[in-house]
Structures are given as C-alpha cells and as structure tokens.
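The next block is target-v3.txt, given as compact mmCIF, C-alpha atoms and all ligand atoms.
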```txt
# COMPACT_ATOMS: atom_id res chain seq x y z
CA MET N 1 111.71 33.72 -20.00
CA LEU N 2 109.86 31.29 -17.79
CA SER N 3 112.06 31.86 -14.72
CA GLU N 4 111.27 35.58 -14.90
CA ARG N 5 107.53 34.80 -15.17
CA ILE N 6 107.84 32.60 -12.10
CA GLN N 7 109.44 35.44 -10.15
CA GLN N 8 106.80 37.88 -11.37
CA ILE N 9 103.88 35.64 -10.38
CA HIS N 10 105.47 35.02 -7.02
CA THR N 11 105.59 38.77 -6.35
CA GLU N 12 102.04 39.22 -7.59
CA PHE N 13 100.79 36.36 -5.39
CA GLU N 14 102.45 37.87 -2.29
CA SER N 15 100.86 41.22 -2.94
CA ASP N 16 97.39 39.73 -3.62
CA ILE N 17 97.31 37.48 -0.57
CA SER N 18 98.45 40.26 1.74
CA LYS N 19 95.22 42.13 0.88
CA VAL N 20 92.83 39.24 1.64
CA SER N 21 90.47 39.91 4.56
CA ASP N 22 87.79 37.21 4.24
CA LEU N 23 87.19 33.69 2.95
CA LYS N 24 85.51 34.94 -0.23
CA GLU N 25 88.57 36.94 -1.27
CA LEU N 26 90.76 33.99 -0.39
CA GLU N 27 88.72 31.77 -2.71
CA ASN N 28 89.39 34.24 -5.56
CA ILE N 29 93.12 33.86 -4.88
CA ARG N 30 92.79 30.10 -5.08
CA ILE N 31 91.00 30.31 -8.42
CA LYS N 32 93.51 32.81 -9.82
CA TYR N 33 96.71 30.98 -8.79
CA LEU N 34 96.10 27.46 -7.53
CA SER N 35 93.17 26.02 -9.49
CA ARG N 36 93.54 23.67 -12.45
CA ASN N 37 93.35 26.63 -14.89
CA GLY N 38 95.19 29.02 -12.58
CA LEU N 39 98.41 30.89 -13.23
CA ILE N 40 100.69 28.36 -11.56
CA SER N 41 99.25 25.44 -13.57
CA SER N 42 99.78 27.40 -16.77
CA LEU N 43 103.45 27.90 -15.82
CA PHE N 44 103.78 24.10 -15.51
CA ASP N 45 102.30 23.80 -19.02
CA GLU N 46 105.06 26.09 -20.30
CA LEU N 47 107.77 23.93 -18.78
CA LYS N 48 107.85 21.73 -21.88
CA ASN N 49 109.21 24.67 -23.93
CA VAL N 50 112.22 25.14 -21.68
CA ALA N 51 115.62 23.97 -22.91
CA LYS N 52 116.49 20.52 -21.57
CA GLU N 53 119.54 21.62 -19.59
CA ASP N 54 117.57 24.46 -17.88
CA LYS N 55 114.63 22.23 -16.91
CA PRO N 56 115.92 21.02 -13.51
CA VAL N 57 116.53 24.57 -12.22
CA VAL N 58 113.35 26.11 -13.60
CA GLY N 59 111.30 23.08 -12.53
CA LYS N 60 112.67 23.38 -9.01
CA SER N 61 111.77 27.06 -8.64
CA LEU N 62 108.31 26.37 -10.09
CA ASN N 63 107.77 23.63 -7.48
CA GLU N 64 108.90 26.01 -4.79
CA LEU N 65 106.41 28.62 -5.95
CA ARG N 66 103.57 26.08 -5.89
CA ASN N 67 104.46 24.76 -2.44
CA HIS N 68 104.98 28.20 -0.97
CA SER N 69 101.68 29.62 -2.26
CA THR N 70 99.69 26.49 -1.28
CA ASN N 71 101.11 26.80 2.21
CA GLN N 72 100.33 30.50 2.50
CA PHE N 73 96.82 29.80 1.29
CA ASN N 74 96.23 27.01 3.85
CA VAL N 75 97.56 29.01 6.78
CA LEU N 76 95.37 31.98 5.97
CA LYS N 77 92.33 29.77 5.35
CA GLU N 78 92.64 28.19 8.77
CA LYS N 79 93.03 31.58 10.42
CA LEU N 80 89.97 33.04 8.70
CA GLU N 81 87.84 29.97 9.41
CA SER N 82 88.61 30.02 13.10
CA THR N 83 87.27 33.55 13.39
CA SER N 84 84.13 32.83 11.35
CA SER N 85 81.29 30.47 12.09
CA ALA N 86 81.00 27.18 10.20
CA ASP N 87 79.04 28.55 7.27
CA GLY N 88 81.51 31.36 6.78
CA GLU N 89 79.26 33.99 8.41
CA LYS N 90 80.82 36.44 10.87
CA ILE N 91 79.66 36.17 14.51
CA ASP N 92 76.98 38.75 15.26
CA LEU N 93 78.20 40.50 18.40
CA THR N 94 74.91 42.39 18.78
CA LEU N 95 72.93 39.19 19.50
CA PRO N 96 71.65 38.95 23.11
CA GLY N 97 73.90 36.74 25.32
CA VAL N 98 72.97 33.63 27.27
CA THR N 99 72.48 34.64 30.91
CA LYS N 100 74.23 32.53 33.52
CA VAL N 101 72.00 31.91 36.54
CA LEU N 102 73.96 32.75 39.70
CA GLY N 103 73.50 30.65 42.80
CA SER N 104 73.35 32.15 46.28
CA LYS N 105 74.38 31.19 49.79
CA HIS N 106 72.23 28.55 51.49
CA ILE N 107 70.06 29.91 54.28
CA LEU N 108 72.09 27.92 56.85
CA THR N 109 75.34 29.48 55.61
CA GLN N 110 73.75 32.92 55.75
CA THR N 111 72.54 32.29 59.30
CA LEU N 112 75.96 31.02 60.39
CA ASP N 113 77.66 34.02 58.73
CA GLU N 114 75.42 36.33 60.73
CA ILE N 115 76.13 34.47 63.99
CA LYS N 116 79.88 34.61 63.29
CA ILE N 117 79.83 38.36 62.65
CA ILE N 118 78.05 39.00 65.95
CA PHE N 119 80.42 36.83 68.01
CA LYS N 120 83.51 38.18 66.27
CA GLY N 121 82.28 41.61 67.32
CA LEU N 122 82.17 40.31 70.91
CA GLY N 123 85.82 39.17 70.73
CA PHE N 124 85.39 35.49 69.78
CA SER N 125 87.55 33.72 67.21
CA VAL N 126 86.34 30.77 65.11
CA PHE N 127 87.61 27.15 65.27
CA ASP N 128 86.44 23.91 63.74
CA GLY N 129 86.93 20.21 64.35
CA PRO N 130 86.26 16.86 62.64
CA GLU N 131 82.82 15.30 62.27
CA LEU N 132 84.26 11.85 63.01
CA GLU N 133 85.23 12.05 66.69
CA SER N 134 86.55 9.83 69.42
CA ASP N 135 84.22 8.70 72.16
CA TYR N 136 86.75 10.32 74.49
CA ASN N 137 86.35 13.86 73.06
CA ASN N 138 82.62 13.57 72.43
CA PHE N 139 81.69 12.11 75.82
CA GLU N 140 84.39 11.11 78.29
CA ALA N 141 86.40 14.34 78.46
CA LEU N 142 83.09 16.22 78.64
CA ASN N 143 82.39 14.45 81.92
CA PHE N 144 79.94 11.86 80.61
CA GLN N 145 80.73 8.76 82.74
CA PRO N 146 80.84 5.49 80.74
CA ASP N 147 77.50 4.32 82.09
CA HIS N 148 76.07 7.74 82.76
CA PRO N 149 72.41 7.95 81.72
CA ALA N 150 73.25 11.32 80.14
CA ARG N 151 74.67 9.39 77.19
CA ASP N 152 71.11 8.44 76.38
CA MET N 153 70.35 12.11 75.79
CA GLN N 154 72.07 11.83 72.45
CA ASP N 155 71.44 8.86 70.22
CA THR N 156 74.78 8.16 68.66
CA PHE N 157 75.96 6.76 65.33
CA PHE N 158 78.95 4.66 66.40
CA ILE N 159 81.62 3.89 63.79
CA SER N 160 83.48 1.53 66.12
CA LYS N 161 83.73 1.04 69.86
CA ASP N 162 85.84 4.19 70.24
CA PHE N 163 84.79 6.35 67.30
CA LEU N 164 81.52 7.98 66.35
CA LEU N 165 79.88 10.78 64.35
CA ARG N 166 79.94 13.63 66.81
CA THR N 167 76.58 14.24 68.45
CA HIS N 168 77.35 17.87 69.28
CA THR N 169 80.07 20.48 68.71
CA SER N 170 81.18 20.35 72.38
CA PRO N 171 84.14 17.99 71.59
CA VAL N 172 85.73 20.94 69.77
CA GLN N 173 85.90 22.64 73.20
CA ILE N 174 88.19 19.80 74.28
CA ARG N 175 90.32 20.17 71.13
CA VAL N 176 90.64 23.94 71.56
CA MET N 177 91.54 23.66 75.27
CA ASN N 178 94.06 20.89 74.55
CA SER N 179 95.86 23.09 72.04
CA HIS N 180 95.52 26.54 73.68
CA GLN N 181 96.19 27.96 77.11
CA PRO N 182 93.68 30.45 78.62
CA PRO N 183 92.43 33.01 77.88
CA VAL N 184 90.38 31.17 75.25
CA ARG N 185 87.40 32.83 73.63
CA ALA N 186 86.06 31.00 70.58
CA ILE N 187 83.00 29.81 68.73
CA MET N 188 83.05 26.44 66.97
CA PRO N 189 80.46 25.84 64.24
CA GLY N 190 79.92 22.49 62.54
CA ARG N 191 77.79 19.58 61.46
CA VAL N 192 76.56 17.03 64.01
CA TYR N 193 74.69 13.71 63.80
CA ARG N 194 72.07 11.98 65.89
CA ASN N 195 70.42 8.65 65.35
CA GLU N 196 66.89 10.00 65.56
CA ALA N 197 63.70 9.37 63.64
CA VAL N 198 63.35 12.06 60.98
CA SER N 199 60.38 14.34 61.50
CA SER N 200 59.46 17.99 61.05
CA ARG N 201 61.28 18.74 64.33
CA SER N 202 64.35 16.52 64.16
CA TYR N 203 66.79 15.31 61.53
CA CYS N 204 69.62 12.77 61.67
CA MET N 205 72.13 15.51 60.75
CA PHE N 206 72.11 19.18 61.64
CA HIS N 207 74.43 22.05 62.60
CA GLN N 208 75.45 23.66 65.87
CA VAL N 209 77.59 26.54 67.03
CA GLU N 210 79.49 26.06 70.24
CA GLY N 211 80.88 28.92 72.32
CA LEU N 212 83.59 28.81 74.95
CA TYR N 213 85.25 31.44 77.12
CA VAL N 214 87.85 30.51 79.72
CA ASP N 215 89.91 32.97 81.75
CA THR N 216 90.48 33.96 85.37
CA ASP N 217 87.25 35.28 86.93
CA VAL N 218 84.76 34.46 84.16
CA THR N 219 81.27 34.65 85.67
CA PHE N 220 77.73 33.53 84.94
CA ALA N 221 76.77 37.20 84.68
CA GLU N 222 79.18 37.55 81.75
CA LEU N 223 77.64 34.49 80.12
CA LYS N 224 74.19 36.05 80.41
CA GLY N 225 75.42 39.42 79.17
CA THR N 226 77.07 37.86 76.12
CA LEU N 227 74.08 35.73 75.19
CA VAL N 228 71.57 38.53 75.66
CA SER N 229 73.72 40.80 73.52
CA PHE N 230 73.85 38.10 70.85
CA ALA N 231 70.09 37.44 70.97
CA ARG N 232 69.23 41.14 70.72
CA GLN N 233 71.49 41.59 67.70
CA PHE N 234 70.25 38.44 66.03
CA TYR N 235 66.53 38.33 66.85
CA GLY N 236 65.78 42.01 67.52
CA GLU N 237 66.31 44.68 70.19
CA ASP N 238 62.86 44.45 71.75
CA LEU N 239 63.21 40.78 72.67
CA ASN N 240 62.24 39.26 76.02
CA TYR N 241 64.33 36.41 77.41
CA ARG N 242 64.68 34.14 80.40
CA PHE N 243 67.22 31.59 81.68
CA ARG N 244 65.90 28.27 83.02
CA PRO N 245 67.95 25.82 85.12
CA SER N 246 68.92 22.73 83.14
CA PHE N 247 71.48 19.92 83.10
CA PHE N 248 74.50 19.11 80.93
CA PRO N 249 77.32 16.83 82.20
CA PHE N 250 80.00 19.34 81.13
CA THR N 251 78.53 22.50 82.69
CA GLU N 252 77.61 23.32 86.29
CA PRO N 253 75.38 25.17 86.82
CA SER N 254 73.60 24.70 83.48
CA ALA N 255 70.78 26.66 81.92
CA GLU N 256 68.66 26.98 78.84
CA MET N 257 67.84 30.35 77.32
CA ASP N 258 64.34 31.10 76.05
CA ILE N 259 63.09 34.05 74.04
CA THR N 260 59.50 35.22 73.50
CA CYS N 261 57.69 33.20 70.84
CA TYR N 262 58.01 34.91 67.45
CA LEU N 263 54.52 33.89 66.46
CA CYS N 264 52.27 34.81 69.39
CA HIS N 265 54.66 37.30 71.06
CA GLY N 266 54.23 35.55 74.41
CA LYS N 267 50.46 34.99 74.44
CA GLY N 268 50.76 31.22 73.92
CA CYS N 269 50.22 29.30 70.68
CA LYS N 270 50.85 25.94 68.98
CA VAL N 271 54.49 26.73 68.07
CA CYS N 272 55.48 27.51 71.70
CA LYS N 273 53.15 24.83 73.09
CA GLN N 274 51.10 27.57 74.82
CA THR N 275 54.05 28.68 76.97
CA GLY N 276 54.85 31.93 75.13
CA TRP N 277 58.55 30.94 75.19
CA LEU N 278 60.94 29.26 72.75
CA GLU N 279 64.21 27.65 73.78
CA ILE N 280 67.17 28.95 71.75
CA LEU N 281 70.26 27.44 73.37
CA GLY N 282 71.92 25.49 76.18
CA CYS N 283 74.67 26.95 78.32
CA GLY N 284 76.46 26.92 81.65
CA MET N 285 79.72 27.30 83.56
CA VAL N 286 82.39 24.80 82.46
CA ASP N 287 82.42 21.92 84.96
CA PRO N 288 85.77 21.83 86.84
CA ASN N 289 85.98 18.10 85.97
CA VAL N 290 86.28 19.09 82.28
CA PHE N 291 89.25 21.32 83.13
CA GLY N 292 90.81 18.23 84.72
CA PHE N 293 90.69 16.41 81.35
CA VAL N 294 92.49 19.24 79.51
CA ASN N 295 94.98 20.05 82.29
CA TYR N 296 93.65 23.50 83.06
CA ASP N 297 94.02 24.60 86.69
CA ALA N 298 90.43 24.59 87.97
CA GLU N 299 91.48 26.66 91.00
CA LYS N 300 92.75 29.41 88.74
CA TYR N 301 90.34 29.43 85.82
CA THR N 302 86.60 29.55 85.29
CA GLY N 303 84.73 29.50 82.04
CA TYR N 304 81.39 29.38 80.34
CA ALA N 305 80.11 27.45 77.34
CA PHE N 306 77.01 27.54 75.21
CA GLY N 307 75.66 25.71 72.21
CA MET N 308 72.84 26.30 69.76
CA GLY N 309 71.41 24.57 66.70
CA ILE N 310 71.77 26.59 63.52
CA GLU N 311 68.66 25.09 61.87
CA ARG N 312 66.68 25.83 65.01
CA THR N 313 68.03 29.36 65.10
CA ALA N 314 67.03 29.97 61.47
CA MET N 315 63.62 28.32 62.04
CA LEU N 316 62.90 30.64 64.96
CA LYS N 317 64.07 33.75 63.14
CA TYR N 318 62.19 33.10 59.88
CA GLY N 319 59.21 31.12 61.19
CA ILE N 320 60.17 27.90 59.36
CA THR N 321 58.15 24.98 60.76
CA ASP N 322 59.81 21.91 59.17
CA ILE N 323 63.54 21.17 59.57
CA ARG N 324 63.58 18.90 56.49
CA VAL N 325 63.26 21.82 54.06
CA PHE N 326 66.90 22.80 54.73
CA PHE N 327 68.14 19.60 53.09
CA GLU N 328 65.71 19.10 50.23
CA ASN N 329 67.30 21.66 47.88
CA ASP N 330 63.89 22.86 46.72
CA LEU N 331 64.54 26.14 44.92
CA ARG N 332 61.10 27.45 45.88
CA PHE N 333 62.31 27.39 49.49
CA LEU N 334 65.95 28.40 48.93
CA LYS N 335 65.07 31.39 46.72
CA GLN N 336 63.16 33.04 49.56
CA PHE N 337 66.40 33.92 51.33
N1 LIG G 401 76.20 20.35 73.58
C1 LIG G 401 74.89 20.68 74.08
C2 LIG G 401 73.84 20.01 73.21
O1 LIG G 401 74.14 19.56 72.14
C3 LIG G 401 74.70 22.17 74.10
C4 LIG G 401 75.58 22.87 75.10
C5 LIG G 401 76.78 23.36 74.72
C6 LIG G 401 75.16 23.04 76.41
C7 LIG G 401 77.60 24.02 75.61
C8 LIG G 401 75.97 23.69 77.31
C9 LIG G 401 77.17 24.19 76.94
O2 LIG G 401 72.69 19.95 73.58
```
So that I can check it, write out the structure of this file as structure tokens.
Ligand code: PHE
Amino acid sequence: MLSERIQQIHTEFESDISKVSDLKELENIRIKYLSRNGLISSLFDELKNVAKEDKPVVGKSLNELRNHSTNQFNVLKEKLESTSSADGEKIDLTLPGVTKVLGSKHILTQTLDEIKIIFKGLGFSVFDGPELESDYNNFEALNFQPDHPARDMQDTFFISKDFLLRTHTSPVQIRVMNSHQPPVRAIMPGRVYRNEAVSSRSYCMFHQVEGLYVDTDVTFAELKGTLVSFARQFYGEDLNYRFRPSFFPFTEPSAEMDITCYLCHGKGCKVCKQTGWLEILGCGMVDPNVFGFVNYDAEKYTGYAFGMGIERTAMLKYGITDIRVFFENDLRFLKQF
C-alpha cells in the first residue's frame, strides 16, 4: 500500500540524513530522495493508482513527507555550508595566521608615566584640568596683572576676551586649591599651547607637568630636596645640578633648575651653548598673592610649585634635538622607544 511505502521512506530518510557529515553526503541524499527521479517523486507517480476516495488522505501525507524532507535538507545544507569555505573545502587550521601588528605607547606617554611613578612615590597625587581656560585662571589668579609685561612671556591663543588655550599647566594649581584645603600635594600633567613660530626648539603645542605642595611650614629646602630626588631618579644618580634665581609672577622667590649637559658632561658644547648646563624646570615658593586668590591663609600656609615641559624632559633624557619629531608620527622615530 502506498501509505505504508510513504511511512517506510520517511523512516529511511530520517535515518539516512542523521548520518550525513558533509556536503557531499548531503548531495547523495538529495539525489536519492528529492531529485526528479528520486524516491519521493516516484511515490507521486504511484498516486494515480490509489483509489479515488483514498487520494486526499494519501496525497496529504505524501505532501507532508516532501515538505518535511526538503526542509530538513535545507537546514542541514545551510549548517554545513557555514562551517565550510565557499568551494566546499574545510578550513585548514594548520595554515599560518595573519599577525596583528601591536602599537606601543608614544614616547611622551612613556616619559609622563615615568614622571608620575616617581612623584607618586614622593607622595604626590595626580590632577588634570581643561585645555580651554579662563584668562582669570591662566593669568589673573596667578598674579599676572592685566598690563603686566610678564604676560608677554607667553604668546597666547585667545578664544575670546576672557578665554584662551592655556599657556601653561599652572592654572590647574588654581583649580586644585579652589577645590581642596591644605595639605595639597599634587602633580598636574597636560597639554599647553603657545602662539610661537614652529622650529626645532619650539612648537605651538606641547606638554607640561606642574607640581604643587602647600602645607604649614613648607620650605625652599624641601622644594630642592624633592626636585633633586626626582632628577636623580629620572636622569641618573650621578647627576650634577644647580638652582639659578629666576622670575615667575606666581612664585617668590623663583628659580630654574639646571642639570649637567647630557652630551658634553659639563665641558661645554653646542647643545648647552657652551655653558655645560641644561635647564630642566622652573620652580619657586607660591607667591602669597596667589593664596589670596584661592582664599588660603597666607599667614598660616606656605607652598612650593614647579613646572617642566615633557617634550623637553624627553629630549634631554634621550638626546632628541628636534621637538617636531614628537608630532610627526614617523614610525622610524616612534619605534626607537
Ligand atoms: N608655568 C611656568 C612656565 O610655563 C613654569 C612654572 C611652574 C614655574 C610652577 C614656577 C612654578 O614656564
């Protein structure tokens, strides 16, 4: 009887398809059951011999068999194709892979990381502030009078009358003091901008790290001790240094710190302009006027501050002679670090 044959072929199909493991075996299933001369087509041919009153029932189960097996076939085909490559070949897992080239930290980031580790070891925490600053934070609260010639020290990119691209990281001192009561001991790294002609020695954008320590009884001797300890850890134990008097509106007294020239070791050469010394940072005792702007009691507290350029620091340490190489993204330079 045809309905028994249908049942039988259904069972046979289920058993055959459950054994298929690749596209080639699946194709054999298609030929055997679903092709024009396959078993299911031949069952349809036999339908004409079925008694008229039985035809609807037998026809229905035959349709079900065809739909069910076509479905099973399609599902399995899709599954096998997604695990094989387009031409039906298996992926060769023994082929060598495509190596991903890993980037590395920029030399400025590495230098800053090193500076941070040293100052964290000396008890400093790290703060940052915005690159777009108010004239008030960048100049006024740092004791630059409106018409003070000291403003000419730093050629400024003004955004409006009251806002500018910060010319140094010192405005972050103001932000930290406005939001914290002493004792404050922090370094403040960041990007700064100056409207200067670009050359091997200066760029319109560079990076600084600011340092600030305010407490009762902070002394210049502590400032020197901290900076010498930093310089020895960063540039080397056997380093010679000196402090020269200088001027900054926000520190009094002010100084600049020099270390022996890395190139001539103090004999005098082109890099140190025959002096044997290289300037590494500016520093001083926080001017009491600055405390006035942040409502710190200048009778009670003293403090010191310092600031250094990160490019300059890296240039001195590694003997780099042109500041522009930091920003050109030339791999021949970057890969050396
Ligand atoms: N802000 C100064 C500069 O950019 C550096 C400095 C910072 C000097 C803190 C003294 C104290 O040149």
* To do: Please provide the set of residues having any atom within 8 Å of Arg185 (chain N), restricted to all atoms listed in the file, with same-chain residues fewer than 2 positions apart removed, written as number ranges by chain.
  => N: 123-125, 183, 187, 211-214
Kindly export the residues of the current selection with C-alpha atoms, as an mmCIF file, in the frame of the given file.
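Ended up saving to again-v2.cif:
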```cif
data_model
loop_
_atom_site.group_PDB
_atom_site.id
_atom_site.type_symbol
_atom_site.label_atom_id
_atom_site.label_comp_id
_atom_site.auth_asym_id
_atom_site.auth_seq_id
_atom_site.Cartn_x
_atom_site.Cartn_y
_atom_site.Cartn_z
ATOM 1 C CA GLY N 123 85.820 39.170 70.730
ATOM 2 C CA PHE N 124 85.390 35.490 69.780
ATOM 3 C CA SER N 125 87.550 33.720 67.210
ATOM 4 C CA PRO N 183 92.430 33.010 77.880
ATOM 5 C CA ILE N 187 83.000 29.810 68.730
ATOM 6 C CA GLY N 211 80.880 28.920 72.320
ATOM 7 C CA LEU N 212 83.590 28.810 74.950
ATOM 8 C CA TYR N 213 85.250 31.440 77.120
ATOM 9 C CA VAL N 214 87.850 30.510 79.720
#
```
* To do: Can you tell me which residues come within 6 Å of ligand LIG 401 (chain G) when counting all atoms listed in the file, ideally as a list in words?
  => His168, Ser170, Glu210, Gly282, Cys283, Gly284, Ala305, Phe306 and Gly307 of chain N
Taking all atoms listed in the file into account, produce a table as a Markdown table in which each residue of region 224-336 of chain N with an atom at most 8 Å from an atom of region 95-113 of chain N appears once, together with its shortest atom pair and the distance in Å to one decimal, ordered by chain and rising number.
```
| residue | atom | partner | partner_atom | distance |
| --- | --- | --- | --- | --- |
| N:Ile310 | CA | N:Leu108 | CA | 6.8 |
| N:Glu311 | CA | N:Leu108 | CA | 6.7 |
| N:Thr313 | CA | N:Thr111 | CA | 7.9 |
| N:Ala314 | CA | N:Thr111 | CA | 6.4 |
| N:Phe326 | CA | N:Leu108 | CA | 7.6 |
| N:Leu334 | CA | N:His106 | CA | 6.8 |
```
Pull C-alpha atoms from the residues just selected and write them as a PDB file, in the frame of the given file.
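Once everything was written out, this is out.pdb:
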```
ATOM      1  CA  ILE N 310      71.770  26.590  63.520  1.00  0.00           C
ATOM      2  CA  GLU N 311      68.660  25.090  61.870  1.00  0.00           C
ATOM      3  CA  THR N 313      68.030  29.360  65.100  1.00  0.00           C
ATOM      4  CA  ALA N 314      67.030  29.970  61.470  1.00  0.00           C
ATOM      5  CA  PHE N 326      66.900  22.800  54.730  1.00  0.00           C
ATOM      6  CA  LEU N 334      65.950  28.400  48.930  1.00  0.00           C
TER       7      LEU N 334
END
```
* Tell me which of N:Arg30, N:Lys224, N:Lys52, N:His148 sits closest to Tyr304 (chain N), counting all atoms listed in the file. => N:Lys224
* To do: Excluding Lys161 (chain N) and any residue of its chain fewer than 6 positions from it, enumerate the residues within 12 Å of it, using only C-alpha atoms, and give them as a list of chain:residue names.
  => N:Glu133, N:Ser134, N:Asp135, N:Tyr136
Any chance you can output those residues with C-alpha atoms as a PDB file, in the frame of the given file?
```pdb
ATOM      1  CA  GLU N 133      85.230  12.050  66.690  1.00  0.00           C
ATOM      2  CA  SER N 134      86.550   9.830  69.420  1.00  0.00           C
ATOM      3  CA  ASP N 135      84.220   8.700  72.160  1.00  0.00           C
ATOM      4  CA  TYR N 136      86.750  10.320  74.490  1.00  0.00           C
TER       5      TYR N 136
END
```
* **Selection near region 264-271 of chain N, 10 Å with all atoms listed in the file, sequence-local residues under 4 positions removed, as a ChimeraX atom specification** => /N:239-240,259-260,275-278,316,319,321
* Nearest to Gln274 (chain N) by atom-to-atom distance, counting only C-alpha atoms, from N:Lys55, N:Ile6, N:Cys261, N:Asn137 -> N:Cys261
* What does the distance from CA of Asn195 (chain N) to CA of Glu256 (chain N) come to in Å, to one decimal? ->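 CA of Asn195 (chain N) sits 22.8 Å away from CA of Glu256 (chain N).
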